[in-house]
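Source file: my_file-v2.pdb. Holds: PDB, C-alpha atoms.
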```pdb
ATOM      1  CA  MET A  25      79.127  38.781 115.143
ATOM      2  CA  SER A  26      82.279  40.862 114.580
ATOM      3  CA  THR A  27      82.572  43.479 111.882
ATOM      4  CA  VAL A  28      85.168  42.680 109.212
ATOM      5  CA  ILE A  29      86.883  45.542 107.386
ATOM      6  CA  PRO A  30      89.416  45.506 104.530
ATOM      7  CA  PRO A  31      93.021  45.356 105.754
ATOM      8  CA  ASP A  32      95.224  48.466 105.579
ATOM      9  CA  MET A  33      97.362  47.171 102.740
ATOM     10  CA  GLU A  34      99.134  50.498 102.171
ATOM     11  CA  LEU A  35     100.426  50.602 105.751
ATOM     12  CA  TRP A  36     101.443  46.951 105.848
ATOM     13  CA  LEU A  37     103.158  46.949 102.437
ATOM     14  CA  CYS A  38     105.002  50.212 103.181
ATOM     15  CA  ASP A  39     106.358  48.710 106.413
ATOM     16  CA  TYR A  40     107.242  45.474 104.605
ATOM     17  CA  LEU A  41     109.192  47.304 101.881
ATOM     18  CA  ARG A  42     110.924  49.614 104.395
ATOM     19  CA  GLY A  43     112.210  46.529 106.208
ATOM     20  CA  ARG A  44     113.702  45.099 103.016
ATOM     21  CA  LEU A  45     114.864  48.336 101.373
ATOM     22  CA  PRO A  46     116.160  50.473 104.245
ATOM     23  CA  ASP A  47     117.881  53.030 101.984
ATOM     24  CA  VAL A  48     114.691  53.859 100.077
ATOM     25  CA  THR A  49     111.869  56.190 101.098
ATOM     26  CA  VAL A  50     108.529  54.334 101.079
ATOM     27  CA  GLY A  51     105.120  55.922 101.591
ATOM     28  CA  ASN A  52     101.551  56.125 100.352
ATOM     29  CA  ARG A  53     101.918  59.445  98.525
ATOM     30  CA  GLU A  54     104.537  61.366  96.602
ATOM     31  CA  PRO A  55     105.677  64.435  98.568
ATOM     32  CA  ASP A  56     104.788  67.757  96.916
ATOM     33  CA  ASP A  57     108.450  68.808  96.915
ATOM     34  CA  TYR A  58     109.831  65.542  95.495
ATOM     35  CA  LEU A  59     112.441  66.133  92.767
ATOM     36  CA  GLY A  60     113.911  62.644  92.325
ATOM     37  CA  SER A  61     117.097  63.153  94.343
ATOM     38  CA  ARG A  62     116.430  60.033  96.421
ATOM     39  CA  PRO A  63     114.685  56.788  95.468
ATOM     40  CA  LEU A  64     110.999  56.739  96.376
ATOM     41  CA  ILE A  65     108.364  53.992  96.375
ATOM     42  CA  VAL A  66     104.689  54.963  96.574
ATOM     43  CA  VAL A  67     102.140  52.254  97.449
ATOM     44  CA  ARG A  68      98.441  52.777  96.705
ATOM     45  CA  ASP A  69      95.564  50.408  97.494
ATOM     46  CA  ASP A  70      93.072  50.595  94.633
ATOM     47  CA  GLY A  71      90.557  48.395  96.433
ATOM     48  CA  GLY A  72      88.756  45.365  95.113
ATOM     49  CA  ALA A  73      85.914  42.976  95.786
ATOM     50  CA  GLN A  74      85.115  41.154  98.994
ATOM     51  CA  SER A  75      85.302  37.484  98.056
ATOM     52  CA  ASP A  76      83.685  36.178 101.246
ATOM     53  CA  ARG A  77      83.047  37.362 104.797
ATOM     54  CA  VAL A  78      86.719  37.717 105.760
ATOM     55  CA  MET A  79      88.556  37.726 102.408
ATOM     56  CA  PHE A  80      89.215  40.733 100.205
ATOM     57  CA  ASP A  81      90.733  41.020  96.740
ATOM     58  CA  ARG A  82      93.129  43.989  96.856
ATOM     59  CA  SER A  83      94.591  45.633  93.768
ATOM     60  CA  ILE A  84      97.767  47.535  94.606
ATOM     61  CA  GLY A  85      99.466  50.155  92.447
ATOM     62  CA  VAL A  86     103.150  50.858  93.082
ATOM     63  CA  THR A  87     105.167  53.731  91.641
ATOM     64  CA  VAL A  88     108.971  53.693  91.845
ATOM     65  CA  CYS A  89     110.676  57.063  91.270
ATOM     66  CA  GLY A  90     114.138  58.545  91.284
ATOM     67  CA  TRP A  91     117.405  59.241  89.519
ATOM     68  CA  SER A  92     116.907  60.988  86.176
ATOM     69  CA  VAL A  93     115.039  60.588  82.911
ATOM     70  CA  SER A  94     118.392  60.460  81.126
ATOM     71  CA  ASN A  95     119.578  57.597  83.391
ATOM     72  CA  PRO A  96     116.503  55.452  84.165
ATOM     73  CA  LYS A  97     118.341  52.135  84.692
ATOM     74  CA  PRO A  98     118.756  52.422  88.499
ATOM     75  CA  CYS A  99     115.042  53.192  88.805
ATOM     76  CA  ALA A 100     114.121  50.299  86.501
ATOM     77  CA  ASP A 101     116.361  47.963  88.532
ATOM     78  CA  LEU A 102     114.686  49.054  91.779
ATOM     79  CA  ALA A 103     111.230  48.655  90.229
ATOM     80  CA  ARG A 104     112.059  45.073  89.197
ATOM     81  CA  ARG A 105     113.360  44.343  92.702
ATOM     82  CA  VAL A 106     110.173  45.747  94.249
ATOM     83  CA  TYR A 107     108.078  43.637  91.868
ATOM     84  CA  GLY A 108     109.997  40.549  92.962
ATOM     85  CA  LEU A 109     109.597  41.370  96.652
ATOM     86  CA  LEU A 110     105.851  41.851  96.231
ATOM     87  CA  THR A 111     105.158  38.858  93.969
ATOM     88  CA  ALA A 112     107.849  36.200  94.311
ATOM     89  CA  ASP A 113     109.130  36.480  97.876
ATOM     90  CA  PRO A 114     107.382  33.709  99.866
ATOM     91  CA  ASP A 115     108.014  35.689 103.067
ATOM     92  CA  ILE A 116     105.298  38.171 102.102
ATOM     93  CA  ILE A 117     102.610  35.659 103.049
ATOM     94  CA  THR A 118     104.284  34.321 106.182
ATOM     95  CA  ALA A 119     105.750  37.603 107.483
ATOM     96  CA  ASP A 120     104.614  38.711 110.924
ATOM     97  CA  GLY A 121     101.212  40.376 110.689
ATOM     98  CA  SER A 122     100.824  39.751 106.962
ATOM     99  CA  PRO A 123      97.233  40.103 105.787
ATOM    100  CA  ILE A 124      98.114  38.376 102.504
ATOM    101  CA  ALA A 125      96.635  34.929 101.984
ATOM    102  CA  ALA A 126      97.556  34.570  98.292
ATOM    103  CA  ILE A 127      99.165  36.398  95.389
ATOM    104  CA  ILE A 128      96.856  36.630  92.357
ATOM    105  CA  GLY A 129      99.251  36.245  89.421
ATOM    106  CA  ASP A 130      96.840  37.539  86.761
ATOM    107  CA  GLY A 131      96.712  40.893  88.569
ATOM    108  CA  CYS A 132     100.490  41.362  88.719
ATOM    109  CA  ASN A 133     101.890  43.473  85.881
ATOM    110  CA  GLY A 134     104.913  45.595  85.071
ATOM    111  CA  PRO A 135     107.006  47.373  85.847
ATOM    112  CA  TYR A 136     106.335  49.855  83.057
ATOM    113  CA  PRO A 137     108.068  53.191  82.469
ATOM    114  CA  THR A 138     105.712  56.157  82.733
ATOM    115  CA  THR A 139     106.014  59.531  81.093
ATOM    116  CA  GLY A 140     105.298  63.039  82.251
ATOM    117  CA  ASP A 141     106.843  66.420  82.867
ATOM    118  CA  MET A 142     109.134  65.266  85.678
ATOM    119  CA  SER A 143     112.930  65.256  85.486
ATOM    120  CA  TYR A 144     113.231  61.899  87.252
ATOM    121  CA  ALA A 145     112.552  58.359  86.085
ATOM    122  CA  ARG A 146     109.291  56.698  87.099
ATOM    123  CA  TYR A 147     108.073  53.097  86.805
ATOM    124  CA  TYR A 148     104.661  51.678  87.642
ATOM    125  CA  LEU A 149     103.577  48.167  88.559
ATOM    126  CA  THR A 150     100.503  46.447  89.894
ATOM    127  CA  VAL A 151     100.070  43.508  92.225
ATOM    128  CA  GLU A 152      96.924  41.758  93.375
ATOM    129  CA  TYR A 153      96.373  39.875  96.581
ATOM    130  CA  CYS A 154      93.709  37.899  98.329
ATOM    131  CA  ALA A 155      93.892  39.373 101.828
ATOM    132  CA  ILE A 156      92.372  38.613 105.198
ATOM    133  CA  GLY A 157      90.229  41.382 106.664
ATOM    134  CA  ASP A 158      90.646  43.000 110.044
ATOM    135  CA  PHE A 159      88.097  42.431 112.780
ATOM    136  CA  ALA A 160      86.728  45.626 114.276
TER     137      ALA A 160
END
```

Could the structure of this file be written out as structure tokens, please?
Amino acid sequence: MSTVIPPDMELWLCDYLRGRLPDVTVGNREPDDYLGSRPLIVVRDDGGAQSDRVMFDRSIGVTVCGWSVSNPKPCADLARRVYGLLTADPDIITADGSPIAAIIGDGCNGPYPTTGDMSYARYYLTVEYCAIGDFA
């Protein structure tokens, strides 16, 4: 019997977003020297339950950053676009190599503005998927 492991959702979603938003930096962490001068999307897999042998519930947190606190609209617009790409674009399930079997609507929230000591705007959203595991 093969071993089944959770899919690398961070890697796949970063690649997916890079392909649809080529002018935006996408990664799984915010660089230490980030100051908001360019738009940035950070994707984080917060894990979830294994619903059967090959299916995994994955909760994904996404942070969209950039522009300035005094002009958050471009960041909010990008955050809404990202939310749409991750929750309403049917291609996300049928895209080449997609581990996503279903979008779990109850786990999709935001985007919400966040606060902190940064000089750039920041929005946060969550999405939830039922995903197919990888065979190791």

Exercise for the section: Name every residue that the PyMOL selection byres ((chain A and resi 28) around 12) selects in this structure, writing the answer as a PyMOL selection string with chains first and numbers rising. Expected result: chain A and resi 25-27+29-31+74+76-80+155-160

Atoms kept (C-alpha atoms) for selection, written as an mmCIF file, keeping the file's coordinate frame:
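Saved result, again.cif, follows:
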```cif
data_model
loop_
_atom_site.group_PDB
_atom_site.id
_atom_site.type_symbol
_atom_site.label_atom_id
_atom_site.label_comp_id
_atom_site.auth_asym_id
_atom_site.auth_seq_id
_atom_site.Cartn_x
_atom_site.Cartn_y
_atom_site.Cartn_z
ATOM 1 C CA MET A 25 79.127 38.781 115.143
ATOM 2 C CA SER A 26 82.279 40.862 114.580
ATOM 3 C CA THR A 27 82.572 43.479 111.882
ATOM 4 C CA ILE A 29 86.883 45.542 107.386
ATOM 5 C CA PRO A 30 89.416 45.506 104.530
ATOM 6 C CA PRO A 31 93.021 45.356 105.754
ATOM 7 C CA GLN A 74 85.115 41.154 98.994
ATOM 8 C CA ASP A 76 83.685 36.178 101.246
ATOM 9 C CA ARG A 77 83.047 37.362 104.797
ATOM 10 C CA VAL A 78 86.719 37.717 105.760
ATOM 11 C CA MET A 79 88.556 37.726 102.408
ATOM 12 C CA PHE A 80 89.215 40.733 100.205
ATOM 13 C CA ALA A 155 93.892 39.373 101.828
ATOM 14 C CA ILE A 156 92.372 38.613 105.198
ATOM 15 C CA GLY A 157 90.229 41.382 106.664
ATOM 16 C CA ASP A 158 90.646 43.000 110.044
ATOM 17 C CA PHE A 159 88.097 42.431 112.780
ATOM 18 C CA ALA A 160 86.728 45.626 114.276
#
```

Problem - Within 6 Å of Asn52 of chain A using all atoms listed in the file, minus same-chain residues under 5 positions, as a list in words - result: Val66, Val67 and Arg68 of chain A

Practice task
Extract, using all atoms listed in the file, all DNA, RNA and protein residues at most 12 Å from Tyr58 of chain A, discarding same-chain residues fewer than 5 positions from it, and format them as a ChimeraX atom specification.
Solution key: /A:49,53,63-66,89-91,142-144

Problem - Contact residues around segment 99-114 of chain A with only C-alpha atoms at 8 Å, ignoring same-chain residues under 4 positions, as a PyMOL selection string - result: chain A and resi 41+63+88-91+118+127+129+132+134-135+137+145-149+151

Problem - Straight-line distance linking atom CA of Asp120 of chain A with atom CA of Ser75 of chain A, stated in Å to one decimal - result: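 Straight-line distance from atom CA of Asp120 of chain A to atom CA of Ser75 of chain A works out to 23.2 Å.
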
Please enclose the listed atoms of segment 33-46 of chain A in an axis-aligned box, pad each side by 4 Å, and write out the centre and the three edge lengths in Å, rounded to one decimal, as AutoDock Vina command-line options.
```
--center_x 106.8 --center_y 47.9 --center_z 103.9 --size_x 26.8 --size_y 13.5 --size_z 13.0
```

Problem - A:Val93, A:Ala73, A:Leu35, A:Ile84 ranked by distance to Ser61 of chain A, top pick (using only C-alpha atoms) - result: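 The answer is A:Val93, which sits nearest to Ser61 of chain A.
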